[in-house]
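Undergrad: One structure follows; several queries about it will come next.
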Number of protein chains: 2
Amino acid sequence: MSLDPDMFPSYCPSSVPVRIGDKWTGMVIRCLEGGPRRFGELRVPLRRVTPKVLTETLRAMERDGLVTRTAHDENPPRVVYELTGLGRGLLPLIDAVGTWCENNLDALLRARERHQGLRPTAPAMQ
Amino acid sequence: MSLDPDMFPSYCPSSVPVRIGDKWTGMVIRCLEGGPRRFGELRVPLRRVTPKVLTETLRAMERDGLVTRTAHDENPPRVVYELTGLGRGLLPLIDAVGTWCENNLDALLRARERHQGLRPTAPAMQ
DNA sequence: CGGCCCAGTTTCCTTGAAGTGACCGGCGGG
DNA sequence: CCCGCCGGTCACTTCAAGGAAACTGGGCCG
């Protein structure tokens, strides 16, 4: 997997309207699809995630058994994250979501366009 | 579809760890799977949703073209919500999520159990 | 007149996720 | 001697989602 910085455009399908877990879990899983990665390697494609939030996401995923965290006692430090079988099992789901978005996001956005101004959050019904 | 009040146990798989859209969208789609329903009919199985939040959810889904809203000019008022083709297309996705959760939620919760106390949100690394 | 019905609305509040920017510790290199 | 590297941490703020509870409006029934 290439570490394309733009692999998640600002307009990421997996955030509208379908999300996996919290905001970044799905993207982390995708980043780890091709094999183990270090913290800093995850930050390259996930450049819109601050280290704090990335840490939190990875901690939660570790807690849930979706990834393993291996800290090598070297210098400078090296920490490697890897998908577990459980985490890998989410890949088909994420792919399905991605496919749905590819096929239907246009229709959704067109619908959203049509409803501009109509029936806002607090519509003046009468 | 029966309007079983307990069709969504407090422990709903679709909220841990995979969510569709906002908190309630997935459940609304499931509720509408069997055909059009009125606002009050949605409130029965979705009893943990307050009317305000249900309205917001339905408005967002309408805006995104997932449901249609039909207000009949009668008294007392009657408003019917129905899945569009777009919304119906999310059903396989939701089913896939449900299946994954059925198969893997135990493993996830066991992992979560194991990590109790270990590596909290702010671990004392050194 | 006084409720009741449905489908919401309105106001207020809590919670938690996410973001910002500064900082840390140990070591190897210049 | 100080800088940068890595993988974070810390304190602080912001923002939106969600929830609780009371209220609305206009017919219709008694």
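Every chain in the structure tokens has a letter given in the order shown (A, B, ...), and although residue numbers restart at 1 in each chain, ligands are simply numbered from 1 in the order shown.
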Please identify all residues of chain B having at least one atom at most 12 Å from any atom of chain C, considering only C-alpha atoms (C1' of nucleotides), and return them as a list in words.

TA: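 The selection requested is Arg38, Phe39, Gly40, Glu41, Leu42, Arg43, Thr50, Pro51, Lys52, Val53, Leu54, Thr55, Glu56, Leu58, Arg59, Ala71, His72, Asp73, Glu74, Asn75, Pro76, Pro77, Arg78, Val79, Val80, Met125 and Gln126 of chain B.
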
Undergrad: Quick one: residues within 12 Å of Asp106 of chain B, only C-alpha atoms (C1' of nucleotides), excluding same-chain residues fewer than 3 positions away - as a PyMOL selection string?

TA: (chain A and resi 64-65+86) or (chain B and resi 13+16-17+100-103+109-113)

Undergrad: Give me, as a list in words, the contact residues of chain D against chain B at a cut-off of 10 Å, counting only C-alpha atoms (C1' of nucleotides).

TA: DG8, DT9, DC10, DA17, DG18, DG19, DA20, DG26, DG27 and DC28 of chain D

Undergrad: Those same residues, written as a short mmCIF file (atom, residue, chain, number, x, y, z; two decimals), in the first residue's frame with C-alpha atoms (C1' of nucleotides)?

TA:
data_model
loop_
_atom_site.label_atom_id
_atom_site.label_comp_id
_atom_site.auth_asym_id
_atom_site.auth_seq_id
_atom_site.Cartn_x
_atom_site.Cartn_y
_atom_site.Cartn_z
"C1'" DG D 8 3.48 10.36 22.46
"C1'" DT D 9 1.28 13.59 26.97
"C1'" DC D 10 -1.05 17.66 29.09
"C1'" DA D 17 -25.33 15.41 19.44
"C1'" DG D 18 -28.37 14.02 22.41
"C1'" DG D 19 -31.73 14.19 26.21
"C1'" DA D 20 -35.67 16.07 29.61
"C1'" DG D 26 -56.62 23.02 15.65
"C1'" DG D 27 -60.33 20.18 15.03
"C1'" DC D 28 -63.53 16.81 17.31
#

Undergrad: What's the 7 Å shell around segment 30-37 of chain A, counting only C-alpha atoms (C1' of nucleotides), without same-chain residues fewer than 6 positions away, as number ranges by chain?

TA: A: 1, 80-83

Undergrad: Go ahead and write the residues just picked, N, CA, C and O atoms, as a PDB file, in the first residue's frame.

TA:
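Below is the file part.pdb, written as the result:
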ATOM      1  N   MET A   1       0.867  -1.205   0.000  1.00  0.00           N
ATOM      2  CA  MET A   1       0.000   0.000   0.000  1.00  0.00           C
ATOM      3  C   MET A   1       0.893   1.241   0.000  1.00  0.00           C
ATOM      4  O   MET A   1       1.778   1.406   0.820  1.00  0.00           O
ATOM      5  N   VAL A  80       4.729  -0.279  16.670  1.00  0.00           N
ATOM      6  CA  VAL A  80       4.112  -0.836  15.468  1.00  0.00           C
ATOM      7  C   VAL A  80       2.695  -1.294  15.780  1.00  0.00           C
ATOM      8  O   VAL A  80       2.461  -1.981  16.780  1.00  0.00           O
ATOM      9  N   TYR A  81       1.772  -0.883  14.924  1.00  0.00           N
ATOM     10  CA  TYR A  81       0.378  -1.299  15.056  1.00  0.00           C
ATOM     11  C   TYR A  81       0.046  -2.274  13.944  1.00  0.00           C
ATOM     12  O   TYR A  81       0.486  -2.105  12.805  1.00  0.00           O
ATOM     13  N   GLU A  82      -0.749  -3.278  14.309  1.00  0.00           N
ATOM     14  CA  GLU A  82      -1.097  -4.305  13.321  1.00  0.00           C
ATOM     15  C   GLU A  82      -2.535  -4.757  13.544  1.00  0.00           C
ATOM     16  O   GLU A  82      -2.986  -4.862  14.684  1.00  0.00           O
ATOM     17  N   LEU A  83      -3.220  -5.028  12.456  1.00  0.00           N
ATOM     18  CA  LEU A  83      -4.592  -5.515  12.563  1.00  0.00           C
ATOM     19  C   LEU A  83      -4.616  -6.918  13.148  1.00  0.00           C
ATOM     20  O   LEU A  83      -3.798  -7.764  12.786  1.00  0.00           O
TER      21      LEU A  83
END

Undergrad: One decimal, Å: what's the distance from atom CA of Thr99 of chain B over to atom CA of Gln116 of chain B, could you say?

TA: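 These atoms are spaced 26.3 Å apart.
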
Undergrad: Which one is closest to chain A: B:Val67, B:Val97, B:Val28, B:Leu91? Count only C-alpha atoms.

TA: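 Of B:Val67, B:Val97, B:Val28, B:Leu91, the one nearest chain A, counting only C-alpha atoms, is B:Val97.
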